[in-house]
Amino acid sequence: MIRRHWTEWPSREALSREGVTRARRIIARVVRVGVIGMLVWTAVTQRGVSDWALVLSPVLLLACVAASWAYMRTTYDHRLWHSIGLLGSMVGIALLAQWAGFVGPAIVLWCGCAVAALERLPLAASVPITVVSLTGFALVNDDAWLTTAVVVVGLCLSGYMLRLDAEARGNAQRLLVQERAARAAEAESAALAERSRIAREIHDVLAHSLSAQLVHLEAARLLIERGAERDQILERVVAARGMARDGLAETRQALSALRGDMTPLEDFLKELVASSDGATLAVEGLRKPLSAEASQAVRRVAQEALTNVRKHAPGAKAAMRLEYRPDEVALEVQDSGASRPDAELTVSGSGYGLLGMRERAELLGGSLEAGPCEEGFVVRLRVPV
C-alpha cells in the first residue's frame, strides 16, 4: 500500500478543472497573471545584466509559459517522462536565468517547479525534482538560513496540500458520477418494475378471462356441430358474453389503477359487498394509505373470494373483514357454506384464480392462505404497507 501511494498518479478528476468553482478559477488566473507579471517586471527592472540577456529574456519567458501549459496536459494524460522533461526544462531555464543575472525570476521558477511537482506528479518522481528546485532556491536566497528553511517547508506543505485538495475534489467528482449512474440505474429499475406491474395487470385481467371465453365459445361450436338444442348453445354464448363484459369492466378498472384513479379501498369493498347477497364488511384498525400494488391485490382477492362463494357455495353468507395492522393490511373472507376441496385453485368466471392472487401477494412480500374451515371456506390475505 505504501509503495502504491508513492508511485500512483493523482486521479484525472483531480488534475482536471471539472468541479473547480468559479472563485477558485478566478484566483488561479490571478495568481498566474501575477507570476508572469512579476517575471516580466523583474526582468525589465533588473540591473547589471548584459544586453544579450535582455534580448533572450522574452524568449525564456515564452518558453516557460509554453512548458507550464504542456506540463498541465502531460500530467493530466499521466505521461511521466514527458512531464519530468518539461519540469526539468523549466529548472534549466531557472538556472540559465540565474546565470544571466535574473535572480528574482530564477527564484520564482524554482519555487513554482517544486510546488507543481508535488501537486501533479507521483510522489516518487516529485520528491527528487522538489529537492533539486528548493536546493537551487536555498543557494541563491540571501535571507537568513532559518527564514529560508521556513520558506522551504512552507512550499513543500503548500504543494502537498494542493495535491490533497485536488484529490478530495476528484473523489467528490467520482462520487457524483457514481451517484448519477446509481440514479439512472434506479430509474431504469423503476421503469422495469412498472412494466412488470402493467404486464401482471394485463395478464390478470385478460388471460384467464379470454381463455374462459374461448372454452365456452369452443363448447358452443361443438354443440352446433352436434346439432344440440338452442337453449344449450345459447347458454354457452351468454356465459361467454358475460365473461367478456366482466373482463372489459376489469380492464377499465385496471387502467384506472395504473393511472392512480382508483376509488378508496373501503368504498370499493362496500360496493362489492353490496352487490353480493348476504355479504358483510367489517373494517378494523387505524386507516392508512396503501400503495397501488397493495390496494389492487386486496381488491382482486376480495373479488375472487366472493366470486368463489357464489360459485361453490350458493346461498352461503360471506363475512369480509379488513384489518389495518402496524406494518401490514389483512383481508379475511369466510363463507358459512361448504366449499369443494379444490376451490382454492379454481378459475372463476371473473377471470382470476386464487393461485394467481397468491403469486401477486408473494411478489409484494405478503401471503395468501385459502382452505376449508369449521363452517365453510376462508381466504386470508396479508400485504405489507
# chains A, B, ... in the order shown; residues from 1 in each chain; ligands from 1
call {"tool": "residues_around", "arguments": {"residues": "Gln213 of chain A", "least_positions_apart": "3", "cutoff": "8 Å", "atoms": "only C-alpha atoms", "output": "list in words"}}
result
Ser209, Leu210, His216, Leu217, Ala239, Ala240, Arg241, Met243 and Ala244 of chain A
call {"tool": "residues_around", "arguments": {"residues": "segment 12-23 of chain A", "least_positions_apart": "2", "cutoff": "12 Å", "atoms": "only C-alpha atoms", "output": "ChimeraX atom specification"}}
result
/A:8-10,25-30,71-79,116,119-121,162-177
call {"tool": "residues_around", "arguments": {"residues": "segment 274-288 of chain A", "least_positions_apart": "5", "cutoff": "6 Å", "atoms": "only C-alpha atoms", "output": "PyMOL selection string"}}
result
chain A and resi 317-324
call {"tool": "select_by_dssp", "arguments": {"residues": "segment 90-319 of chain A", "states": "alpha helix (DSSP H)", "output": "number ranges by chain"}}
result
A: 90-100, 103-120, 123-140, 145-202, 208-225, 230-258, 265-274, 292-312
call {"tool": "residues_around", "arguments": {"residues": "Ala193 of chain A", "least_positions_apart": "6", "cutoff": "12 Å", "atoms": "only C-alpha atoms", "output": "MDAnalysis selection string"}}
result
chainID A and resid 186:187 199:200 293 363:364
call {"tool": "write_last_selection", "arguments": {"atoms": "C-alpha atoms", "output": "short mmCIF file (atom, residue, chain, number, x, y, z; two decimals), in the first residue's frame"}}
result
data_model
loop_
_atom_site.label_atom_id
_atom_site.label_comp_id
_atom_site.auth_asym_id
_atom_site.auth_seq_id
_atom_site.Cartn_x
_atom_site.Cartn_y
_atom_site.Cartn_z
CA GLU A 186 -32.69 3.18 -10.14
CA ALA A 187 -34.88 4.96 -12.68
CA ALA A 199 -47.84 -6.85 -17.55
CA ARG A 200 -49.25 -8.52 -14.43
CA GLU A 293 -49.99 -2.59 -5.79
CA LEU A 363 -44.43 -10.58 -5.12
CA LEU A 364 -45.41 -7.82 -2.69
#
call {"tool": "atom_distance", "arguments": {"atom1": "atom CA of Arg358 of chain A", "atom2": "atom CA of Arg252 of chain A"}}
result
22.6 Å
call {"tool": "select_by_dssp", "arguments": {"residues": "segment 223-323 of chain A", "states": "strand (DSSP E)", "output": "compact mmCIF listing (two decimals) with C-alpha atoms, in the first residue's frame"}}
result
# COMPACT_ATOMS: atom_id res chain seq x y z
CA ALA A 279 -72.16 -10.46 2.47
CA THR A 280 -70.97 -8.20 5.27
CA LEU A 281 -67.91 -5.98 5.73
CA ALA A 282 -66.05 -5.06 8.93
CA VAL A 283 -63.09 -2.63 8.99
CA GLU A 284 -60.69 -2.63 11.94
CA ALA A 318 -69.82 -14.26 3.34
CA ALA A 319 -68.17 -12.24 6.10
CA MET A 320 -65.39 -9.92 4.94
CA ARG A 321 -63.01 -8.31 7.44
CA LEU A 322 -60.38 -5.71 6.56
CA GLU A 323 -57.81 -5.04 9.29
call {"tool": "atom_distance", "arguments": {"atom1": "atom CA of Leu96 of chain A", "atom2": "atom CA of Val127 of chain A"}}
result
22.3 Å
call {"tool": "residues_around", "arguments": {"residues": "Pro289 of chain A", "least_positions_apart": "3", "cutoff": "12 Å", "atoms": "only C-alpha atoms", "output": "ChimeraX atom specification"}}
result
/A:264-266,286,292-295,324-329,384-385
call {"tool": "write_last_selection", "arguments": {"atoms": "N, CA and C atoms", "output": "mmCIF file, in the first residue's frame"}}
result
data_model
loop_
_atom_site.group_PDB
_atom_site.id
_atom_site.type_symbol
_atom_site.label_atom_id
_atom_site.label_comp_id
_atom_site.auth_asym_id
_atom_site.auth_seq_id
_atom_site.Cartn_x
_atom_site.Cartn_y
_atom_site.Cartn_z
ATOM 1 N N PRO A 264 -61.299 4.849 -3.261
ATOM 2 C CA PRO A 264 -60.763 4.381 -1.979
ATOM 3 C C PRO A 264 -61.087 2.907 -1.748
ATOM 4 N N LEU A 265 -60.170 2.198 -1.106
ATOM 5 C CA LEU A 265 -60.313 0.756 -0.926
ATOM 6 C C LEU A 265 -61.598 0.402 -0.179
ATOM 7 N N GLU A 266 -61.877 1.114 0.894
ATOM 8 C CA GLU A 266 -63.064 0.779 1.682
ATOM 9 C C GLU A 266 -64.347 1.017 0.893
ATOM 10 N N LEU A 286 -56.469 1.393 12.505
ATOM 11 C CA LEU A 286 -56.306 2.778 12.071
ATOM 12 C C LEU A 286 -56.065 2.825 10.572
ATOM 13 N N ALA A 292 -50.402 1.436 -4.615
ATOM 14 C CA ALA A 292 -51.323 0.983 -5.664
ATOM 15 C C ALA A 292 -51.296 -0.537 -5.794
ATOM 16 N N GLU A 293 -50.098 -1.138 -5.663
ATOM 17 C CA GLU A 293 -49.990 -2.591 -5.786
ATOM 18 C C GLU A 293 -50.716 -3.297 -4.647
ATOM 19 N N ALA A 294 -50.507 -2.814 -3.412
ATOM 20 C CA ALA A 294 -51.163 -3.444 -2.267
ATOM 21 C C ALA A 294 -52.678 -3.290 -2.349
ATOM 22 N N SER A 295 -53.138 -2.086 -2.691
ATOM 23 C CA SER A 295 -54.579 -1.855 -2.798
ATOM 24 C C SER A 295 -55.197 -2.730 -3.881
ATOM 25 N N TYR A 324 -56.386 -3.104 9.461
ATOM 26 C CA TYR A 324 -55.149 -2.331 9.287
ATOM 27 C C TYR A 324 -54.238 -2.609 10.478
ATOM 28 N N ARG A 325 -53.095 -3.210 10.209
ATOM 29 C CA ARG A 325 -52.120 -3.509 11.251
ATOM 30 C C ARG A 325 -50.943 -2.545 11.152
ATOM 31 N N PRO A 326 -50.046 -2.528 12.146
ATOM 32 C CA PRO A 326 -48.942 -1.553 12.116
ATOM 33 C C PRO A 326 -48.092 -1.610 10.852
ATOM 34 N N ASP A 327 -47.799 -2.816 10.367
ATOM 35 C CA ASP A 327 -46.910 -2.925 9.216
ATOM 36 C C ASP A 327 -47.515 -3.698 8.061
ATOM 37 N N GLU A 328 -48.817 -3.976 8.125
ATOM 38 C CA GLU A 328 -49.449 -4.712 7.044
ATOM 39 C C GLU A 328 -50.956 -4.492 7.081
ATOM 40 N N VAL A 329 -51.607 -4.873 6.002
ATOM 41 C CA VAL A 329 -53.067 -4.871 5.938
ATOM 42 C C VAL A 329 -53.511 -6.304 5.680
ATOM 43 N N PRO A 384 -47.834 -6.261 3.046
ATOM 44 C CA PRO A 384 -47.139 -5.177 3.759
ATOM 45 C C PRO A 384 -47.584 -3.822 3.240
ATOM 46 N N VAL A 385 -47.578 -2.833 4.150
ATOM 47 C CA VAL A 385 -47.938 -1.463 3.777
ATOM 48 C C VAL A 385 -46.678 -0.615 3.723
#
call {"tool": "residues_around", "arguments": {"residues": "Gly154 of chain A", "least_positions_apart": "6", "cutoff": "12 Å", "atoms": "only C-alpha atoms", "output": "VMD selection string"}}
result
chain A and resid 111 114 to 115 134 147 to 148 160 to 161
call {"tool": "closest_residue", "arguments": {"among": "A:Ser291, A:Gln296, A:Thr251, A:Ser68", "to": "Leu269 of chain A", "atoms": "only C-alpha atoms"}}
result
A:Gln296
call {"tool": "closest_residue", "arguments": {"among": "A:Gly366, A:Gly112, A:Pro58, A:Gly242", "to": "Ala330 of chain A", "atoms": "only C-alpha atoms"}}
result
A:Gly366
call {"tool": "atom_distance", "arguments": {"atom1": "atom CA of Leu272 of chain A", "atom2": "atom CA of Gln303 of chain A"}}
result
7.4 Å
